[in-house]
Amino acid sequence: MNLATPLKNLDRELARFHGRLKLGAAFVSLLAAVLLARAFYLQIVQHEHYVERAESNRISRVPTAPNRGLILDRNDRILAENYSAYTLELTRAQTHNLEATLAEVGKLIEITPGQLRRFRRLLAESHEFETVPLKSKLTDEEVAILAANRYRLPGLEVKARLFRNYRAGPGMAHVVGFIGRINDRDLKRLREASREQNYKGSAYIGKTGLEQSYESLLHGRTGFDQMETDASGRAVRMLSRIPPVPGKDLRLHLDVELQAVAEHAFGDYLGGLVALDPNTGGVLALVSKPGFDPNLFVDGVDPETWKALNESPDRPMVNRALRGIYPPGSTIKPFMALAGLELGLRKPADTIADPGFFSLPNSRHQFRDWKRGGHGVVDLRRSISQSCDVYYYRLAVDMGIDRMHDYLAQFGLGEKTGIDLDGESAGLLPSRDWKQRRFKQTWYPGETVIAGIGQGYHLTTPLQLAVAAAMLANGGKRIEPRLVQAVRDPLAHVWQPQPGMVRGQMAIPPAYLAVVREGMMDVMRPGGTAARSAAGAPYTIAGKTGTAQVVGIKQGARYDASRLSRQYRDHALFIAYAPAENPTIVVAVMVENGGSGSGTAAPVARAVFDYYLTGKRPGEMKLEANNATE
Amino acid sequence: MPQSSHWFMRRLSHLDGILLTLVLLLLGISLAVVASASGQSPARISGHLINIGLALAVMVVMANVPPHLLSKVGPPLYVAGVVLLIGVALFGEVRNGSRRWLNLGFMAFQPSELLKLALPLMLAWYFQRNEAVLRAKHFLVGGALLLVPFLLILRQPDLGTAMMIGASGFYLLFFAGLPWKVILGGATLGAASLPVMWGLMHDYQQRRVLTLLDPTSDPLGDGYHIIQSTIAIGSGGLFGRGWMGGTQNQLDFIPERTTDFIFAVFGEEFGYVGAIFLVGLYLAIVARGLVIAARAPTQFGRLMAATLSLNLFTYAFVNMGMVSGILPVVGVPLPLMSYGGTALITLLLGMGILMSVATHRQLNKS
């Protein structure tokens, strides 16, 4: 302590105070600089970012789902349409007690066990905040009851929704397909395609058939209402509205009446049929029997029905026309004949003597003709009209499997046709290479022999056969089958034709084509294998029958249809076009377990031709079982 | 009545013109922003007008109280405040996990508010008394006078108020000539004790600090305020979105937007230019206050004027720093801007003291 200076020098103290005032001012300026630097960062540097965040704070986009496009047949008959109805929907996250709520609803309106099961399945597939339909198509009375009781049933809502209705029934189910609720798999696909934004307001998506393959056209573009909302999420006002753009309507080449005629013609047989316009590739009919009711699937099918459909031995969910693969059998013979001619292995007038069987050199194995004792002397035309197996056994051996493969491939066999439906099978056109790759085995000569009559490894779909037959009808033009002929913007109301696709043109010498076609016409003339099916037709038909073996027949045994139970009987095949001189329709028919092509498949084609070419309907077009032998 | 009007004019002559202009400018802006932030609620606007009127009246009264009288209020006010703080510690009411309120039967009262003025008054009185014989022990006593209420408030716990009161006490000691080695030593010690402080902090205080460091960690809880207010300020841009044009404000996204978060509304609607102007106004008030301090004839006046000036800016800094996301949310209103009667009256009381110091130039006999 410095006791000598008890009193401070006041001037010095004041000077020091002024110094500290300046320091205080500097300190304050520093704080101000910090604030302004922060404000500069927020308001100038990061301005855009915060404007964006303020906008996303206040603007919410409420999606409005577009109306789905209609599907119409060639005469504008409606196959798939929309209608508005009230639906009872439930959001689990908003219910206090799900079971109590369900019980309460059950007291108010009728909820069937099926609806309840379907609801529970959908609930299990959905997130807690998703809204799941409990009962659709409510009556006015039910709507009134629910509206009056809504206050005590939190989580329940009655909403007006657009529903899909399939008017054409089970017969069109495989063509039109159906829509169903968007599930996780669909969502993943949509995300991968960067299309999920467009499905913000949609609950449904095409699952099969045209509904699936034309999804992007049918769905339309989702609209968005931009709403200004406050912090509590309440909409304050509408800022802007992007209206939804409805989906496009589809007009098919297909004639729903023709389809019904074809389906009817099957009687109680199952099978598949494809009718094409050989010039455009337009699909006039595409039948897969049995069908199913697509309306069952729209809001989720209940588990029992689903199980029944999937486990039925009739396999109603499989589109036989597209995915059913069968050995082409004798329907391959016209194509083999053309191959023989073009490869210079046969001339039209060359004949063979058919003893009823064929054996390879140095082999005692007999490849038998379907006709015991054989056909006698057979030229190319007769080989087709009589469906002579031995003629083609020999031709196949002369040709070899690889040349056979390469030639037949030009008709699109073993390859997807490119039809505008998803899920078609490619079938199988065998070759030495293929067998090596597939089985790591060499090709045996005997396999070539049976390949010559469309048996063995050969597998084709009715659709492929139809396309190949169309090439005989149109002179080698490889058309791509198309169901949709035109697309309409429902706002513009103008149909835009969808041009057909041609994959290529085979240069078949006209003389060769002519003789094969004559052979196919002979098939339908008296003495031909399917003559009965052409009787009395006011137009000429060219056709070829075939059978696809279901069970192998032992050497020396006889195939006897009457002794086999129906499910082991051969599938009956038939390809044909008409009028033979100037074909406008080509048909491929597969009748499951139909026995022989001439017996069951050709009459179906005849019924289709009759209706398409003359407008004649079968006498009693009722779908009743005709007493089939069992 | 010429005589009473003469009397009234004499009362007004104690107002400082520059300070008054600046304060009225700020209050005008405040009125406009509160109107916008409240959705032009007549109740809010008239309430604010009444508060402003009351506070201005208090300011005029204080401006007329000579500093030497004022300095005498220091010790009793300080003692009363500390006694009440002890009362709070013993009998206080717990709200939101901290013991801050004293229930007087007819009203609940936070004694810590009292200390915001009582502590500087006490210290200024003390240092004026010992002006001529100032020695190290006086700073020790001053430090003790500061620490007692500081620790009591910290214990409540009320970190924000404790820091603000601590700051005002420190400013006063600083202007009284606190030696540099003590300041630097204290700063070093403070930095070293930060981890200890962290350990003493309550969960909610720690959370506030953590939320500040990363507001997105709790966007719907603690971080929500900061996120929304920074969005508001940032979206204001250079010129702002215009008075009543801020969507963050108008659509309720900014919480507590007439009170603690009013700067978010201001920043959104008046932009960076507005922020510069506002900070400039505060700086001008501080500058005027420091000039008053420099010219003050007494030690008490000097210390009070300098401390009150820095204090005002500290409040502004802490509030704007909090709202713009660089300081923890501590619940400090923006001086002369936020809606709220108590804070406004306290602030204009301080302004009145500044004006009193500015206009009572004659040396008082001590």
# chains A, B, ... in the order shown; residues from 1 in each chain; ligands from 1

call {"tool": "select_by_dssp", "arguments": {"residues": "range 189-349 of chain A", "states": "strand (DSSP E)", "output": "number ranges by chain"}}
result
A: 204-206, 223-229, 235-242, 249-252, 271-276, 283-289

call {"tool": "residues_around", "arguments": {"residues": "range 365-376 of chain A", "least_positions_apart": "2", "cutoff": "6 Å", "atoms": "only C-alpha atoms", "output": "list in words"}}
result
Ala353, Asp354, Pro355, Gly356, Phe357, Phe358, Ser359, Ser363, Asp389 and Val390 of chain A

call {"tool": "closest_atom_pairs", "arguments": {"of": "range 295-341 of chain A", "to": "range 572-590 of chain A", "cutoff": "10 Å", "atoms": "only C-alpha atoms", "output": "CSV"}}
result
residue,atom,partner,partner_atom,distance
A:Arg320,CA,A:Met590,CA,8.6
A:Ala321,CA,A:Met590,CA,8.2
A:Gly324,CA,A:Met590,CA,9.3
A:Tyr326,CA,A:Met590,CA,8.7
A:Pro327,CA,A:Leu573,CA,9.5
A:Pro328,CA,A:Leu573,CA,7.4
A:Gly329,CA,A:Leu573,CA,7.7
A:Ser330,CA,A:Leu573,CA,8.3
A:Thr331,CA,A:Ile575,CA,6.6
A:Ile332,CA,A:Ile575,CA,9.5

call {"tool": "closest_atom_pairs", "arguments": {"of": "chain B", "to": "chain A", "cutoff": "6 Å", "atoms": "only C-alpha atoms", "output": "tab-separated table"}}
result
residue	atom	partner	partner_atom	distance
B:Ala132	CA	A:Leu7	CA	5.3
B:Val133	CA	A:Leu7	CA	5.2
B:Ile231	CA	A:Tyr50	CA	5.0
B:Gly234	CA	A:Gln43	CA	4.2
B:Ser235	CA	A:Val51	CA	4.3
B:Gly237	CA	A:Gln43	CA	4.3
B:Leu251	CA	A:Asp230	CA	4.4
B:Asp252	CA	A:Ala231	CA	5.3
B:Phe253	CA	A:Ala231	CA	5.0

call {"tool": "residues_around", "arguments": {"residues": "range 17-32 of chain B", "least_positions_apart": "3", "cutoff": "6 Å", "atoms": "only C-alpha atoms", "output": "tab-separated table (two decimals) with C-alpha atoms, in the first residue's frame"}}
result
chain	number	residue	atom	x	y	z
B	35	ALA	CA	-49.00	-3.89	-35.21
B	336	LEU	CA	-37.51	-0.47	-26.89
B	337	MET	CA	-38.89	-2.86	-29.53

call {"tool": "residues_around", "arguments": {"residues": "Pro333 in chain B", "least_positions_apart": "6", "cutoff": "12 Å", "atoms": "only C-alpha atoms", "output": "PyMOL selection string"}}
result
chain B and resi 160-161+164+256-263+312-323+339-344+346-347

call {"tool": "residues_around", "arguments": {"residues": "Ile183 in chain B", "least_positions_apart": "4", "cutoff": "12 Å", "atoms": "only C-alpha atoms", "output": "list in words"}}
result
Phe139, Gly143, Phe170, Tyr171, Leu173, Phe174, Phe175, Gly177, Leu178, Pro179, Ala187, Thr188, Leu189 and Gly190 of chain B

call {"tool": "atom_distance", "arguments": {"atom1": "CA of Asp184 in chain A", "atom2": "CA of Glu89 in chain A"}}
result
19.7 Å
